[in-house]
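Encoded as structure tokens, the structure appears first; notes follow it.
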Amino acid sequence: MPIVETDTLNYSIDDINILKNISITINRGDYVAVIGPNGGGKSTLISTILGLNNGFTGEIRLFGKPLNKFNEWNKIGFVPQRAIEIDTKFPITVLETVKLGRISFNRKFWQNRESSDGDLIINEIMEKLKIIHLKNRLIGELSGGEKQRVMIARALVSQPELLFLDEPNTGIDIATQREFYAILKDLNKNKGITIIFITHDIGVIEDSINYIISVNREVSKSESPQTIFNCKTIRDIYGIDSHLKNHRH
Ligand SMILES: Nc1ncnc2c1ncn2[C@@H]1O[C@H](COP(=O)(O)OP(=O)(O)OP(=O)(O)O)[C@@H](O)[C@H]1O
Ligand SMILES: [Mg+2]
């Protein structure tokens, strides 16, 4: 079942066509990597799909509903690019930050105390992401990698069915990245969560993903991760001759 669909989506900023005629279909259970050069429009594509950009033309459907009719935002988790740079001066603890992720989930959050169910989920996810020991620390005191894990936990506590991640790995050490990829793979394979992951690091997740969408104003889609490991394809996407590093072991 299609979970994200765009049909001849066009979006311009100051008369510059950032997204051109983009028609994509992402099905439930897919794990999709989104790649492309800097400025190619990857982040803009995601923010437009999430209804954050007005003035696009064409159609966007989420869970089968047109964007303007869609309101089940608790089904969607989003870790924006540079998420770890946000909130750093804000005097809020790690636990409070993660709990913010459940606001859209529980509309009565502000009137009623969170259910114990919610607390259990929050605990489980914080343990999985190894941030439970940090729960009373201020967010601004954390390292980049710790902050990143908090942002990912925040996106997961509403137990989304669809997860968008925009380069969440910038500045994160390799061991932490590997653990993170393992968590994503588990969420996709065992919990059936659909994942749309903007990354420049497809070599490492090649085994987990179904296919790759490359965005350079226009979009092309690979049949399988392997078809992208081709110098000509990479040249067409990035405009340079390069051999993509394949970190597979
Ligand atoms: N608010 C804005 N105002 C003006 N131009 C913008 C705005 N947002 C994005 N753009 C432009 O749109 C183009 C696409 O930007 P976008 O951030 O989507 O690229 P990206 O593929 O995510 O790049 P990166 O890999 O660097 O994150 C860029 O040329 C950018 O300068
Ligand atoms: Mg971007």
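Order determines the names: the first chain of the structure tokens is A, the second B, and so forth; residues in each chain are numbered 1 upward, and ligands are numbered 1 upward as they are shown.
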Polymer residues at most 6 Å from stretch 18-32 of chain A, only C-alpha atoms, same-chain spacing of 2 or more positions, as a list in words: Met1, Pro2, Ile3, Val4, Glu5, Thr6, Asp7, Thr8, Leu9, Asn10, Tyr11, Ser12, Ile16, Gly192, Ile193, Thr194, Ile195, Ile196, Ile209, Asn210, Tyr211, Ile212, Arg217 and Glu218 of chain A
Could the residues of chain A that have an atom at most 9 Å from ligand 2 be listed as CSV, each with its closest atom pair and the distance in Å to one decimal, counting only C-alpha atoms and all ligand atoms and ordered by chain and ascending residue number?
residue,atom,partner,partner_atom_place_in_ligand_line,distance
A:Asn38,CA,ligand 2,1 (Mg),6.9
A:Gly39,CA,ligand 2,1 (Mg),6.9
A:Gly40,CA,ligand 2,1 (Mg),8.1
A:Gly41,CA,ligand 2,1 (Mg),6.9
A:Lys42,CA,ligand 2,1 (Mg),5.4
A:Ser43,CA,ligand 2,1 (Mg),4.1
A:Thr44,CA,ligand 2,1 (Mg),7.2
A:Pro80,CA,ligand 2,1 (Mg),8.7
A:Gln81,CA,ligand 2,1 (Mg),6.2
A:Arg82,CA,ligand 2,1 (Mg),9.0
A:Asp166,CA,ligand 2,1 (Mg),6.6
A:Glu167,CA,ligand 2,1 (Mg),7.3
A:Ile198,CA,ligand 2,1 (Mg),7.9
Please return as a PyMOL selection string: the residues of stretch 37-234 of chain A that backbone DSSP assigns to strand (DSSP E or B). chain A and resi 57-62+65-66+76-79+93+138+162-166+194-198+211-216+218-221
Can you spit out the residues from that selection as a PDB file, in the first residue's frame, using C-alpha atoms?
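And here's selection24.pdb as it stands now:
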ATOM      1  CA  THR A  57       1.947  22.363  -7.463  1.00  0.00           C
ATOM      2  CA  GLY A  58       1.052  18.758  -8.168  1.00  0.00           C
ATOM      3  CA  GLU A  59      -0.197  16.258  -5.655  1.00  0.00           C
ATOM      4  CA  ILE A  60       1.058  14.831  -2.389  1.00  0.00           C
ATOM      5  CA  ARG A  61      -0.676  11.978  -0.592  1.00  0.00           C
ATOM      6  CA  LEU A  62       0.211  10.570   2.817  1.00  0.00           C
ATOM      7  CA  LYS A  65      -4.948  10.972   1.813  1.00  0.00           C
ATOM      8  CA  PRO A  66      -4.270  14.281   0.073  1.00  0.00           C
ATOM      9  CA  ILE A  76       5.093  10.235  11.171  1.00  0.00           C
ATOM     10  CA  GLY A  77       8.455  10.776  12.836  1.00  0.00           C
ATOM     11  CA  PHE A  78      10.959  13.276  11.488  1.00  0.00           C
ATOM     12  CA  VAL A  79      14.563  13.958  12.399  1.00  0.00           C
ATOM     13  CA  THR A  93      16.311  18.054  30.190  1.00  0.00           C
ATOM     14  CA  LEU A 138      20.302  19.450  30.195  1.00  0.00           C
ATOM     15  CA  LEU A 162       6.749   6.276   8.819  1.00  0.00           C
ATOM     16  CA  LEU A 163      10.095   7.779   9.694  1.00  0.00           C
ATOM     17  CA  PHE A 164      11.964  10.520   7.815  1.00  0.00           C
ATOM     18  CA  LEU A 165      15.608  11.060   8.682  1.00  0.00           C
ATOM     19  CA  ASP A 166      17.559  13.902   7.074  1.00  0.00           C
ATOM     20  CA  THR A 194       8.694   2.569   6.644  1.00  0.00           C
ATOM     21  CA  ILE A 195      11.951   4.520   6.551  1.00  0.00           C
ATOM     22  CA  ILE A 196      12.999   7.342   4.262  1.00  0.00           C
ATOM     23  CA  PHE A 197      16.604   8.111   4.981  1.00  0.00           C
ATOM     24  CA  ILE A 198      18.597  10.970   3.427  1.00  0.00           C
ATOM     25  CA  TYR A 211      16.099   1.003  -3.362  1.00  0.00           C
ATOM     26  CA  ILE A 212      17.565   4.447  -3.724  1.00  0.00           C
ATOM     27  CA  ILE A 213      15.922   7.661  -4.814  1.00  0.00           C
ATOM     28  CA  SER A 214      18.322  10.231  -6.171  1.00  0.00           C
ATOM     29  CA  VAL A 215      17.292  13.850  -6.079  1.00  0.00           C
ATOM     30  CA  ASN A 216      18.917  16.487  -8.219  1.00  0.00           C
ATOM     31  CA  GLU A 218      14.535  15.857 -10.736  1.00  0.00           C
ATOM     32  CA  VAL A 219      14.254  12.366  -9.340  1.00  0.00           C
ATOM     33  CA  SER A 220      15.349   8.973 -10.478  1.00  0.00           C
ATOM     34  CA  LYS A 221      14.862   5.704  -8.693  1.00  0.00           C
TER      35      LYS A 221
END
Can you check which residues of stretch 87-166 of chain A DSSP gives as helix (DSSP H, G or I) on the backbone and send them as a ChimeraX atom specification? /A:94-100,116-128,132-134,139-141,144-156
Take the selection from the previous step and output its residues with C-alpha atoms, as a compact mmCIF listing (two decimals), in the first residue's frame.
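So the final result, stored in out11.txt, reads:
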# COMPACT_ATOMS: atom_id res chain seq x y z
CA VAL A 94 16.87 15.04 27.99
CA LEU A 95 13.75 13.32 29.32
CA GLU A 96 11.60 16.41 28.70
CA THR A 97 12.94 16.70 25.17
CA VAL A 98 12.11 13.09 24.37
CA LYS A 99 8.63 13.49 25.89
CA LEU A 100 7.92 16.33 23.47
CA SER A 116 2.01 4.83 32.28
CA ASP A 117 2.00 3.17 28.87
CA GLY A 118 3.61 6.25 27.42
CA ASP A 119 6.24 6.26 30.17
CA LEU A 120 7.07 2.62 29.42
CA ILE A 121 7.54 3.35 25.74
CA ILE A 122 9.68 6.38 26.49
CA ASN A 123 11.82 4.31 28.84
CA GLU A 124 12.22 1.46 26.39
CA ILE A 125 13.27 3.73 23.55
CA MET A 126 15.68 5.72 25.72
CA GLU A 127 17.25 2.46 26.86
CA LYS A 128 17.56 1.19 23.32
CA ILE A 132 18.51 6.63 29.79
CA HIS A 133 21.44 7.53 32.06
CA LEU A 134 21.35 11.05 30.62
CA ILE A 139 20.17 18.98 26.46
CA GLY A 140 22.71 21.76 25.91
CA GLU A 141 25.36 19.89 27.92
CA GLY A 144 26.81 15.90 19.36
CA GLY A 145 26.33 12.14 19.26
CA GLU A 146 24.34 12.11 22.49
CA LYS A 147 22.12 14.92 21.22
CA GLN A 148 21.55 13.05 18.00
CA ARG A 149 20.34 10.00 19.89
CA VAL A 150 17.96 12.21 21.89
CA MET A 151 16.51 13.64 18.66
CA ILE A 152 16.03 10.17 17.25
CA ALA A 153 14.37 9.01 20.46
CA ARG A 154 12.06 12.01 20.27
CA ALA A 155 11.05 10.99 16.74
CA LEU A 156 10.42 7.39 17.83
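The shell of residues at most 10 Å from A:Gly51, with only C-alpha atoms counted and near chain neighbours (fewer than 4 positions) removed, consists of Ile46, Ser47, Phe56, Ile60, Leu67, Asn68 and Phe70 of chain A.
Take atom CA of A:Pro168 and atom CA of A:Ala83: the distance between them is 7.6 Å.
One finds atom CA of A:Ile202 at 22.5 Å from atom 12 (O, counted along the ligand's line) of ligand 1.
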